[in-house]
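Colleague: As input, take input-v4.txt (compact mmCIF, C-alpha atoms and all ligand atoms):
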```txt
# COMPACT_ATOMS: atom_id res chain seq x y z
CA MET G 1 50.56 157.56 74.61
CA THR G 2 50.93 155.20 71.62
CA VAL G 3 53.51 156.65 69.25
CA CYS G 4 53.65 153.90 66.64
CA GLU G 5 51.88 150.72 65.64
CA TYR G 6 52.48 147.56 67.66
CA ARG G 7 55.00 145.17 66.04
CA ALA G 8 55.37 141.69 67.54
CA GLY G 9 58.95 141.14 68.69
CA LEU G 10 59.56 144.90 68.20
CA GLU G 11 60.46 144.12 64.58
CA GLY G 12 62.02 147.14 62.93
CA ILE G 13 61.58 149.39 65.98
CA PRO G 14 64.80 151.19 67.01
CA ALA G 15 65.54 150.61 70.71
CA THR G 16 68.56 152.89 70.90
CA GLN G 17 71.11 154.95 68.99
CA SER G 18 74.44 153.14 68.79
CA SER G 19 77.82 153.40 67.08
CA ILE G 20 79.04 149.93 68.10
CA SER G 21 78.06 147.74 65.16
CA PHE G 22 76.12 147.78 61.91
CA VAL G 23 74.22 145.10 59.98
CA ASP G 24 72.89 145.34 56.44
CA GLY G 25 70.65 142.30 56.25
CA GLN G 26 69.95 142.57 52.51
CA ARG G 27 73.60 142.74 51.49
CA GLY G 28 75.00 140.50 54.24
CA ILE G 29 77.25 143.16 55.76
CA LEU G 30 78.41 143.25 59.39
CA GLU G 31 80.77 145.89 60.73
CA TYR G 32 82.15 146.51 64.23
CA ARG G 33 82.84 150.22 64.71
CA GLY G 34 82.73 150.53 60.92
CA ILE G 35 85.27 147.76 60.23
CA PRO G 36 83.96 144.84 58.12
CA ILE G 37 83.81 141.55 60.01
CA GLU G 38 85.87 139.85 57.29
CA LYS G 39 88.78 142.23 57.96
CA LEU G 40 88.61 141.69 61.71
CA ALA G 41 88.45 137.91 61.24
CA GLU G 42 91.57 138.05 59.08
CA TYR G 43 93.73 140.64 60.81
CA SER G 44 92.49 141.20 64.38
CA ASN G 45 92.10 138.93 67.37
CA PHE G 46 89.40 138.64 70.01
CA ILE G 47 91.00 140.82 72.68
CA GLU G 48 91.80 143.60 70.23
CA THR G 49 88.25 143.34 68.85
CA ALA G 50 86.81 143.49 72.38
CA TYR G 51 88.85 146.63 73.00
CA LEU G 52 87.59 148.12 69.74
CA LEU G 53 83.97 147.39 70.63
CA ILE G 54 84.15 148.57 74.24
CA TRP G 55 86.45 151.59 73.99
CA GLY G 56 85.42 152.64 70.48
CA GLU G 57 88.71 152.48 68.57
CA LEU G 58 91.52 150.10 67.74
CA PRO G 59 94.10 150.13 70.55
CA LYS G 60 97.64 151.36 70.07
CA LYS G 61 100.33 148.75 70.76
CA ASP G 62 100.87 149.74 74.41
CA GLU G 63 97.12 150.03 75.04
CA LEU G 64 96.55 146.52 73.71
CA GLU G 65 99.44 145.11 75.72
CA LEU G 66 98.10 146.67 78.91
CA PHE G 67 94.57 145.37 78.24
CA GLU G 68 95.89 141.85 77.54
CA HIS G 69 98.06 142.00 80.64
CA GLU G 70 95.14 143.06 82.86
CA ILE G 71 92.88 140.32 81.48
CA THR G 72 95.59 137.67 81.82
CA HIS G 73 96.06 138.57 85.48
CA HIS G 74 92.39 138.44 86.39
CA ARG G 75 91.61 135.00 84.97
CA ARG G 76 91.66 133.13 88.26
CA LEU G 77 88.45 132.45 90.18
CA LYS G 78 88.03 133.06 93.88
CA TYR G 79 87.97 129.76 95.74
CA ARG G 80 84.49 130.59 97.06
CA ILE G 81 83.19 130.70 93.47
CA ARG G 82 84.81 127.33 92.83
CA ASP G 83 83.27 125.98 96.06
CA MET G 84 79.88 127.31 95.01
CA MET G 85 80.27 125.53 91.65
CA LYS G 86 81.02 122.24 93.43
CA CYS G 87 77.43 122.33 94.68
CA PHE G 88 75.97 122.64 91.18
CA PRO G 89 74.36 119.42 89.89
CA GLU G 90 76.65 117.85 87.27
CA GLY G 91 73.64 117.28 85.00
CA GLY G 92 72.74 120.97 84.98
CA HIS G 93 73.17 122.93 81.78
CA PRO G 94 76.44 124.90 81.60
CA MET G 95 74.53 128.05 80.59
CA ASP G 96 72.65 127.93 83.90
CA ALA G 97 75.94 127.43 85.73
CA LEU G 98 77.45 130.38 83.86
CA GLN G 99 74.49 132.64 84.61
CA ALA G 100 74.76 131.81 88.32
CA CYS G 101 78.53 132.39 88.34
CA ALA G 102 78.28 135.72 86.50
CA ALA G 103 75.67 136.92 89.00
CA ALA G 104 77.81 135.63 91.90
CA LEU G 105 80.69 137.89 90.85
CA GLY G 106 78.52 140.78 91.95
CA LEU G 107 78.73 139.44 95.52
CA PHE G 108 82.49 139.91 95.51
CA TYR G 109 82.67 143.25 93.73
CA SER G 110 79.60 144.95 95.13
CA ARG G 111 80.89 148.54 95.16
CA ARG G 112 78.88 150.13 92.36
CA ALA G 113 80.48 153.28 90.95
CA LEU G 114 79.10 153.64 87.46
CA ASP G 115 80.54 157.13 87.00
CA ASP G 116 84.09 156.02 87.89
CA PRO G 117 86.17 154.99 84.82
CA THR G 118 88.41 152.84 87.04
CA TYR G 119 85.39 150.84 88.21
CA ILE G 120 84.16 150.44 84.60
CA ARG G 121 87.58 149.26 83.45
CA ALA G 122 87.91 146.79 86.32
CA ALA G 123 84.47 145.31 85.64
CA VAL G 124 85.22 144.94 81.92
CA VAL G 125 88.54 143.23 82.66
CA ARG G 126 87.10 140.93 85.31
CA LEU G 127 84.18 139.76 83.21
CA LEU G 128 86.24 139.16 80.06
CA ALA G 129 88.89 137.40 82.14
CA LYS G 130 86.78 135.21 84.39
CA ILE G 131 83.90 134.04 82.19
CA PRO G 132 86.07 131.59 80.18
CA THR G 133 87.56 130.25 83.43
CA MET G 134 84.05 129.66 84.78
CA VAL G 135 82.98 127.75 81.65
CA ALA G 136 86.10 125.56 81.71
CA ALA G 137 85.92 125.00 85.48
CA PHE G 138 82.32 123.78 85.29
CA GLN G 139 83.28 121.36 82.52
CA LEU G 140 86.04 119.76 84.62
CA MET G 141 84.13 119.85 87.89
CA ARG G 142 81.06 118.12 86.49
CA LYS G 143 83.37 115.26 85.49
CA GLY G 144 84.57 115.09 89.09
CA ASN G 145 87.94 116.75 88.43
CA ASP G 146 89.55 119.82 89.92
CA PRO G 147 89.55 122.82 87.58
CA VAL G 148 92.95 123.62 86.09
CA GLN G 149 94.44 127.01 86.78
CA PRO G 150 94.76 129.41 83.85
CA ARG G 151 98.22 129.68 82.30
CA ASP G 152 99.60 133.19 82.03
CA ASP G 153 101.93 132.24 79.19
CA LEU G 154 99.00 131.37 76.91
CA GLY G 155 96.85 133.82 74.97
CA TYR G 156 93.13 134.22 75.68
CA SER G 157 91.88 131.53 73.31
CA ALA G 158 94.73 129.05 73.75
CA ASN G 159 94.33 129.33 77.52
CA PHE G 160 90.59 128.62 77.34
CA LEU G 161 91.14 125.47 75.24
CA TYR G 162 93.91 124.44 77.63
CA MET G 163 91.69 124.91 80.70
CA LEU G 164 88.94 122.92 78.99
CA THR G 165 90.96 119.97 77.70
CA GLU G 166 94.01 120.09 80.04
CA GLU G 167 96.17 120.04 76.90
CA GLU G 168 97.88 122.93 75.19
CA PRO G 169 96.11 123.38 71.84
CA ASP G 170 98.06 123.55 68.62
CA PRO G 171 98.36 127.05 67.13
CA LEU G 172 95.84 126.41 64.31
CA ALA G 173 93.15 125.29 66.78
CA ALA G 174 93.79 128.28 69.06
CA HIS G 175 93.75 130.66 66.09
CA ILE G 176 90.50 129.28 64.67
CA PHE G 177 88.83 129.38 68.06
CA ASP G 178 89.95 132.99 68.45
CA VAL G 179 88.41 133.89 65.07
CA CYS G 180 85.14 132.29 66.26
CA LEU G 181 85.20 134.56 69.31
CA THR G 182 85.80 137.60 67.10
CA LEU G 183 82.86 136.64 64.87
CA HIS G 184 80.41 136.21 67.77
CA ALA G 185 81.46 139.27 69.79
CA GLU G 186 78.72 141.71 68.78
CA HIS G 187 75.58 141.94 66.68
CA THR G 188 73.56 145.14 67.20
CA ILE G 189 70.35 144.86 69.25
CA ASN G 190 69.90 141.09 69.38
CA ALA G 191 67.76 139.65 72.20
CA SER G 192 70.55 139.14 74.76
CA THR G 193 72.08 142.55 74.09
CA PHE G 194 68.66 144.13 74.47
CA SER G 195 68.31 142.26 77.75
CA ALA G 196 71.72 143.60 78.84
CA MET G 197 70.68 147.14 77.92
CA VAL G 198 67.38 146.95 79.78
CA THR G 199 69.19 145.67 82.87
CA ALA G 200 71.91 148.29 82.48
CA SER G 201 69.31 151.05 82.20
CA THR G 202 68.24 150.45 85.81
CA LEU G 203 71.82 151.34 86.87
CA THR G 204 72.39 147.96 88.47
CA ASP G 205 75.85 146.40 88.52
CA PRO G 206 77.57 144.99 85.40
CA TYR G 207 77.57 141.42 86.76
CA ALA G 208 73.76 141.51 86.84
CA VAL G 209 73.83 142.96 83.31
CA VAL G 210 75.90 140.05 81.99
CA ALA G 211 73.96 137.47 84.03
CA SER G 212 70.66 138.62 82.54
CA ALA G 213 72.14 138.55 79.04
CA VAL G 214 73.49 135.01 79.56
CA GLY G 215 69.98 133.88 80.53
CA THR G 216 68.57 135.41 77.35
CA LEU G 217 71.26 134.00 75.08
CA ALA G 218 70.53 130.46 76.27
CA GLY G 219 67.22 130.03 74.45
CA PRO G 220 67.01 127.92 71.26
CA LEU G 221 65.72 130.81 69.17
CA HIS G 222 68.94 132.73 70.00
CA GLY G 223 72.40 131.45 71.03
CA GLY G 224 71.06 128.07 72.10
CA ALA G 225 70.44 127.24 68.44
CA ASN G 226 74.11 126.22 67.92
CA GLU G 227 73.61 123.24 70.21
CA GLU G 228 70.23 122.40 68.63
CA VAL G 229 71.84 122.31 65.18
CA ILE G 230 74.00 119.36 66.24
CA PHE G 231 70.98 117.49 67.67
CA MET G 232 69.21 118.13 64.36
CA LEU G 233 72.15 116.86 62.28
CA GLU G 234 72.27 113.76 64.50
CA GLU G 235 68.55 113.20 64.00
CA ILE G 236 68.81 113.60 60.21
CA GLY G 237 71.72 111.17 60.15
CA SER G 238 72.34 110.99 56.38
CA VAL G 239 72.34 113.14 53.25
CA GLU G 240 69.33 111.19 51.85
CA ASN G 241 67.23 112.16 54.87
CA VAL G 242 67.79 115.89 54.45
CA ARG G 243 65.01 116.68 51.97
CA PRO G 244 62.28 114.69 53.75
CA TYR G 245 63.34 116.24 57.08
CA ILE G 246 63.08 119.77 55.73
CA GLU G 247 59.81 119.09 53.92
CA HIS G 248 58.42 117.71 57.19
CA CYS G 249 59.54 120.83 59.11
CA ILE G 250 57.90 123.09 56.52
CA GLU G 251 54.67 121.07 56.56
CA LYS G 252 54.53 121.11 60.38
CA LYS G 253 55.64 124.77 60.53
CA GLN G 254 58.67 123.82 62.62
CA LYS G 255 61.72 126.05 62.66
CA ILE G 256 64.89 124.60 61.12
CA MET G 257 67.66 125.31 63.61
CA GLY G 258 70.53 127.49 62.46
CA PHE G 259 68.43 129.04 59.67
CA GLY G 260 66.59 132.34 59.38
CA HIS G 261 67.27 135.68 60.97
CA ARG G 262 65.30 138.75 61.92
CA VAL G 263 67.72 141.00 60.03
CA TYR G 264 69.59 138.90 57.45
CA LYS G 265 67.63 137.89 54.38
CA VAL G 266 70.77 136.42 52.78
CA LYS G 267 73.44 134.10 54.19
CA ASP G 268 74.86 135.50 57.42
CA PRO G 269 78.42 136.70 56.63
CA ARG G 270 79.62 135.01 59.83
CA ALA G 271 78.25 131.68 58.59
CA THR G 272 80.34 132.03 55.43
CA ILE G 273 83.50 132.57 57.48
CA LEU G 274 82.64 129.79 59.93
CA GLN G 275 82.07 127.35 57.06
CA ASP G 276 85.52 128.23 55.76
CA LEU G 277 87.04 127.72 59.23
CA ALA G 278 85.36 124.30 59.48
CA GLN G 279 86.92 123.33 56.14
CA GLN G 280 90.36 124.44 57.35
CA LEU G 281 89.98 122.19 60.38
CA PHE G 282 88.84 119.24 58.24
CA VAL G 283 92.03 119.51 56.16
CA LYS G 284 94.16 119.16 59.27
CA TYR G 285 92.07 116.90 61.51
CA GLY G 286 89.87 114.95 59.09
CA GLU G 287 86.28 115.30 57.85
CA ASP G 288 83.16 115.48 60.00
CA LYS G 289 80.32 113.21 58.87
CA PHE G 290 77.85 116.00 59.64
CA TYR G 291 79.42 118.46 57.21
CA GLU G 292 78.00 116.78 54.10
CA ILE G 293 74.54 116.78 55.71
CA ALA G 294 74.91 120.46 56.60
CA VAL G 295 75.89 121.44 53.05
CA GLU G 296 72.94 119.49 51.63
CA MET G 297 70.65 121.21 54.14
CA GLU G 298 71.84 124.62 53.02
CA GLN G 299 71.04 123.71 49.40
CA VAL G 300 67.61 122.27 50.11
CA VAL G 301 66.61 125.16 52.40
CA HIS G 302 67.75 127.60 49.71
CA GLU G 303 65.58 125.79 47.16
CA LEU G 304 62.48 125.54 49.36
CA LEU G 305 62.72 128.62 51.61
CA GLY G 306 65.13 130.96 49.83
CA HIS G 307 62.18 133.03 48.56
CA LYS G 308 61.41 133.86 52.23
CA GLY G 309 65.00 134.91 52.91
CA ILE G 310 65.76 131.86 55.05
CA TYR G 311 69.52 131.17 54.95
CA PRO G 312 72.14 129.83 57.40
CA ASN G 313 72.78 132.09 60.37
CA VAL G 314 75.82 132.27 62.67
CA ASP G 315 74.70 129.21 64.64
CA PHE G 316 74.60 126.81 61.69
CA TYR G 317 78.28 126.11 61.04
CA SER G 318 79.78 127.15 64.40
CA GLY G 319 79.02 123.78 66.00
CA LEU G 320 80.95 121.94 63.30
CA VAL G 321 83.99 124.06 64.14
CA TYR G 322 83.59 123.54 67.88
CA ARG G 323 83.17 119.78 67.47
CA LYS G 324 86.49 119.56 65.65
CA LEU G 325 88.09 121.56 68.45
CA GLY G 326 86.86 118.95 70.92
CA ILE G 327 84.33 121.21 72.64
CA PRO G 328 81.31 119.35 74.10
CA THR G 329 77.98 120.20 72.46
CA ASP G 330 76.41 121.79 75.54
CA LEU G 331 79.35 124.19 75.82
CA PHE G 332 78.68 125.74 72.40
CA THR G 333 76.33 128.37 73.82
CA PRO G 334 78.62 129.19 76.78
CA VAL G 335 81.38 129.71 74.21
CA PHE G 336 79.05 132.13 72.40
CA ALA G 337 78.59 133.88 75.78
CA ILE G 338 82.36 134.16 76.35
CA SER G 339 82.58 136.09 73.11
CA ARG G 340 79.36 138.10 73.34
CA THR G 341 80.40 139.41 76.77
CA ALA G 342 82.46 141.93 74.78
CA GLY G 343 79.37 143.20 72.95
CA TRP G 344 77.24 143.24 76.10
CA LEU G 345 79.88 145.30 77.89
CA ALA G 346 80.17 147.69 74.97
CA HIS G 347 76.41 148.27 75.09
CA TRP G 348 76.47 148.54 78.90
CA LYS G 349 79.05 151.31 78.63
CA GLU G 350 77.21 153.04 75.79
CA GLN G 351 73.93 152.82 77.70
CA LEU G 352 75.50 154.50 80.75
CA ASN G 353 76.71 157.42 78.62
CA GLU G 354 73.18 158.61 77.95
CA ASN G 355 71.01 156.52 80.18
CA ARG G 356 67.26 156.57 80.42
CA ILE G 357 65.48 153.61 81.97
CA PHE G 358 63.72 151.35 79.43
CA ARG G 359 60.03 151.49 80.10
CA PRO G 360 57.97 150.80 76.96
CA THR G 361 54.22 150.79 76.88
CA GLN G 362 51.63 148.15 75.95
CA ILE G 363 48.32 147.84 74.22
CA TYR G 364 45.98 146.64 76.95
CA THR G 365 43.71 143.82 75.79
CA GLY G 366 42.01 142.93 79.10
CA THR G 367 38.77 143.99 80.73
CA HIS G 368 38.03 146.89 83.12
CA ALA G 369 36.24 147.24 86.45
CA ALA G 370 35.73 143.48 86.59
CA ALA G 371 33.77 141.95 89.49
CA TYR G 372 35.70 140.24 92.30
CA ILE G 373 34.08 136.80 92.62
CA PRO G 374 34.44 135.21 96.08
CA ILE G 375 36.37 131.91 95.94
CA GLN G 376 33.37 129.73 96.82
CA ASP G 377 31.40 131.17 93.87
CA ARG G 378 34.03 130.64 91.12
C1 LIG G 401 71.08 134.29 66.73
O1 LIG G 401 69.23 138.82 66.41
C2 LIG G 401 70.44 138.50 66.27
O2 LIG G 401 71.25 139.23 65.79
C3 LIG G 401 70.79 137.11 66.79
C4 LIG G 401 72.19 136.56 66.46
C5 LIG G 401 73.28 137.31 67.20
O3 LIG G 401 74.42 137.30 66.74
O4 LIG G 401 73.01 137.84 68.28
O5 LIG G 401 72.44 136.62 65.08
C6 LIG G 401 72.33 135.10 66.94
O6 LIG G 401 70.26 134.26 67.61
C7 LIG G 401 70.87 133.58 65.42
C8 LIG G 401 69.50 132.90 65.30
C9 LIG G 401 69.52 131.52 65.93
N1 LIG G 401 68.20 130.89 65.93
C10 LIG G 401 67.87 129.86 65.14
O7 LIG G 401 68.64 129.40 64.32
C11 LIG G 401 66.49 129.30 65.36
C12 LIG G 401 65.79 129.12 64.05
N2 LIG G 401 65.48 130.42 63.50
C13 LIG G 401 64.22 130.99 63.70
O8 LIG G 401 63.45 130.57 64.76
C14 LIG G 401 64.04 132.45 63.29
O9 LIG G 401 64.51 132.60 62.00
C15 LIG G 401 64.62 133.55 64.21
C16 LIG G 401 64.24 133.36 65.67
C17 LIG G 401 66.13 133.58 64.11
C18 LIG G 401 64.07 134.91 63.74
O10 LIG G 401 62.70 134.96 64.01
P1 LIG G 401 61.71 136.06 63.42
O11 LIG G 401 62.43 137.19 62.83
O12 LIG G 401 60.71 136.35 64.48
O13 LIG G 401 61.03 135.30 62.20
P2 LIG G 401 59.70 134.44 62.26
O14 LIG G 401 59.87 133.33 63.21
O15 LIG G 401 58.55 135.37 62.47
O16 LIG G 401 59.65 133.85 60.79
C19 LIG G 401 59.29 134.66 59.65
C20 LIG G 401 58.94 133.70 58.54
C21 LIG G 401 57.89 132.69 58.95
O17 LIG G 401 57.21 132.28 57.79
P3 LIG G 401 55.70 132.82 57.53
O18 LIG G 401 54.87 132.40 58.72
O19 LIG G 401 55.81 134.32 57.41
O20 LIG G 401 55.28 132.14 56.25
O21 LIG G 401 60.09 132.93 58.16
C22 LIG G 401 59.88 131.55 58.49
C23 LIG G 401 58.69 131.52 59.48
O22 LIG G 401 58.02 130.32 59.43
N3 LIG G 401 61.10 131.06 59.19
C24 LIG G 401 61.53 129.82 59.17
C25 LIG G 401 62.72 129.82 59.95
N4 LIG G 401 62.95 131.06 60.39
C26 LIG G 401 61.95 131.82 59.93
N5 LIG G 401 61.05 128.71 58.63
C27 LIG G 401 61.75 127.57 58.83
N6 LIG G 401 62.90 127.51 59.56
C28 LIG G 401 63.39 128.62 60.12
N7 LIG G 401 64.52 128.56 60.86
```
Translate this structure into structure tokens?

Modeller:
Amino acid sequence: MTVCEYRAGLEGIPATQSSISFVDGQRGILEYRGIPIEKLAEYSNFIETAYLLIWGELPKKDELELFEHEITHHRRLKYRIRDMMKCFPEGGHPMDALQACAAALGLFYSRRALDDPTYIRAAVVRLLAKIPTMVAAFQLMRKGNDPVQPRDDLGYSANFLYMLTEEEPDPLAAHIFDVCLTLHAEHTINASTFSAMVTASTLTDPYAVVASAVGTLAGPLHGGANEEVIFMLEEIGSVENVRPYIEHCIEKKQKIMGFGHRVYKVKDPRATILQDLAQQLFVKYGEDKFYEIAVEMEQVVHELLGHKGIYPNVDFYSGLVYRKLGIPTDLFTPVFAISRTAGWLAHWKEQLNENRIFRPTQIYTGTHAAAYIPIQDR
């Protein structure tokens, strides 16, 4: 039964009903549970935002304290996970390492009780708590060092930067990183969230749900674009090269990384906030030579592709923030995954509330009743 016309990439086709987030791509509006992203970036923090997304409302003081406490006390990794990571090739991409580690959690917590709120809560806490530790541990281990243990006296974001750099970050760096996590936490039915929902709809375990989403986020058309943006800025190298580079991309029909979006036809509101965060970091820690190139790119793309609604997306300025925070380029997408785990879990939970397995149809374009040709006759 074909109920509507085929649209490549399912453009404009609703895949679910959801109350988690809202995007107005013409007006550049993003809300989590009805709260504008700008308000959350200014007044909330990542853990509170994760609570809001997953449990549906802002936590009361004691609820937030309990959630923070639980997450803080589940940050450590089992030594078997660390031993498994020691066998990973140091040249492997951290997103592949993260996907393997997320899936491996399912080996340790294999009791699947999707109708038990205690099980749901424990899975949410474990995944939010352990994913940053996995990312930081892989970074240290690939350099030949032992991973550092999480510090219970540090907040979620400060602890991640500490585990990554082995130095306690200053409060501005920790705060700005935390805002980045808040901004990336959720974005309606993007590719990785859709992947999470499809996996969730089979009633498999939440570690498989997050592992499949991590794999989907990694691609350069999705979360992997933040890393590609830095390679592109490196390749462009100077403000003078921006226009010829963009003209070349347009002529060759190549995608300009960090620009364009299926839903936004104006500048992504998260890009506006991230640009502001980058500027705050430049004031304290000094300029980044790539920033001038990035600003020129935004202007030239607006001039040449603005009529098509091609503007900076979330991945365009995030890398400039992460660079100033000392985060290696190939960890930008894992950092996106740390944050988006909140959104994936919110959709996992929502999917379970009224689950039906995803099983779309297709328009068959092949032949019928074809002859089987014996191998010697082909
Ligand atoms: C994220 O979905 C989400 O919400 C994702 C995300 C989230 O929070 O989860 O917001 C995170 O994934 C951000 C996007 C990161 N990706 C990139 O920066 C890669 C570069 N961008 C593009 O490849 C592209 O814009 C996509 C993948 C983001 C969207 O792809 P669509 O909707 O399938 O659009 P398209 O490729 O069909 O392009 C439509 C038109 C084309 O022109 P025409 O052939 O119609 O003339 O717009 C042009 C494209 O050529 N176009 C671009 C462009 N993006 C679209 N032209 C040049 N550079 C670009 N980046």

Colleague: Let me have all residues with an atom within 6 Å of ligand LIG 401 (chain G), counting only C-alpha atoms and all ligand atoms, laid out as a ChimeraX atom specification.

Modeller: /G:187,190,221-223,225,255-262,313-315

Colleague: Report, in Å to a single decimal, how far apart CA of His69 in chain G and CA of Ala100 in chain G are.

Modeller: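 Separation between CA of Ala100 in chain G and CA of His69 in chain G: 26.6 Å.
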
Colleague: Could you list, as a count of residues only, every residue within 6 Å of range 322-336 of chain G, counting only C-alpha atoms and ignoring same-chain residues fewer than 2 positions away?

Modeller: 8

Colleague: Leaving out Glu166 in chain G and any residue of its chain fewer than 4 positions from it, which residues lie within 10 Å of it when counting all atoms listed in the file, given as a list in words?

Modeller: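 My list of contacting residues is Ala136, Leu140, Pro147, Val148, Gln149, Asn159, Phe160, Leu161 and Tyr162 of chain G.
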
Colleague: Compute the distance from (69.5, 148.3, 67.0) to each atom, counting all atoms listed in the file, keep the residues with any atom at most 7 Å away, and return them as a ChimeraX atom specification; use the coordinates of the file.

Modeller: /G:14-16,188-189

Colleague: With distances taken over all atoms listed in the file, which residue among G:Glu168, G:Phe88, G:His73, G:Glu186 lies nearest Phe138 in chain G?

Modeller: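 Closest residue, counting all atoms listed in the file: G:Phe88.
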
Colleague: Pick the closest to Ala208 in chain G from G:Leu105, G:Ile37, G:Ala278, G:Val125: which is it, counting all atoms listed in the file?

Modeller: G:Leu105

Colleague: List the neighbours of range 209-218 of chain G out to 9 Å using all atoms listed in the file; skip same-chain residues closer than 2 positions along the sequence, and give me the result as number ranges by chain.

Modeller: G: 95-96, 98-104, 127, 191-200, 204-207, 220-225, 333-334, 336-337, 341, 344-345, 348

Colleague: Have a look at CA of Leu352 in chain G and CA of Glu57 in chain G and let me know their distance in Å, one decimal.

Modeller: 18.1 Å

Colleague: So which residues touch range 296-299 of chain G within 8 Å, counting only C-alpha atoms, skipping near sequence neighbours fewer than 5 positions away, as a PDB file with C-alpha atoms, in the frame of the given file?

Modeller:
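Output saved as result.pdb:
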```
ATOM      1  CA  VAL G 239      72.340 113.140  53.250  1.00  0.00           C
ATOM      2  CA  VAL G 242      67.790 115.890  54.450  1.00  0.00           C
ATOM      3  CA  ARG G 243      65.010 116.680  51.970  1.00  0.00           C
ATOM      4  CA  ILE G 246      63.080 119.770  55.730  1.00  0.00           C
ATOM      5  CA  TYR G 311      69.520 131.170  54.950  1.00  0.00           C
ATOM      6  CA  PRO G 312      72.140 129.830  57.400  1.00  0.00           C
TER       7      PRO G 312
END
```

Colleague: Mind listing as JSON, numbers by chain all residues within 12 Å of (94.6, 134.4, 64.5), counting all atoms listed in the file?

Modeller: {"G": [39, 40, 41, 42, 43, 44, 45, 46, 47, 48, 49, 155, 156, 157, 158, 171, 172, 173, 174, 175, 176, 177, 178, 179, 180, 181, 182, 183, 277]}
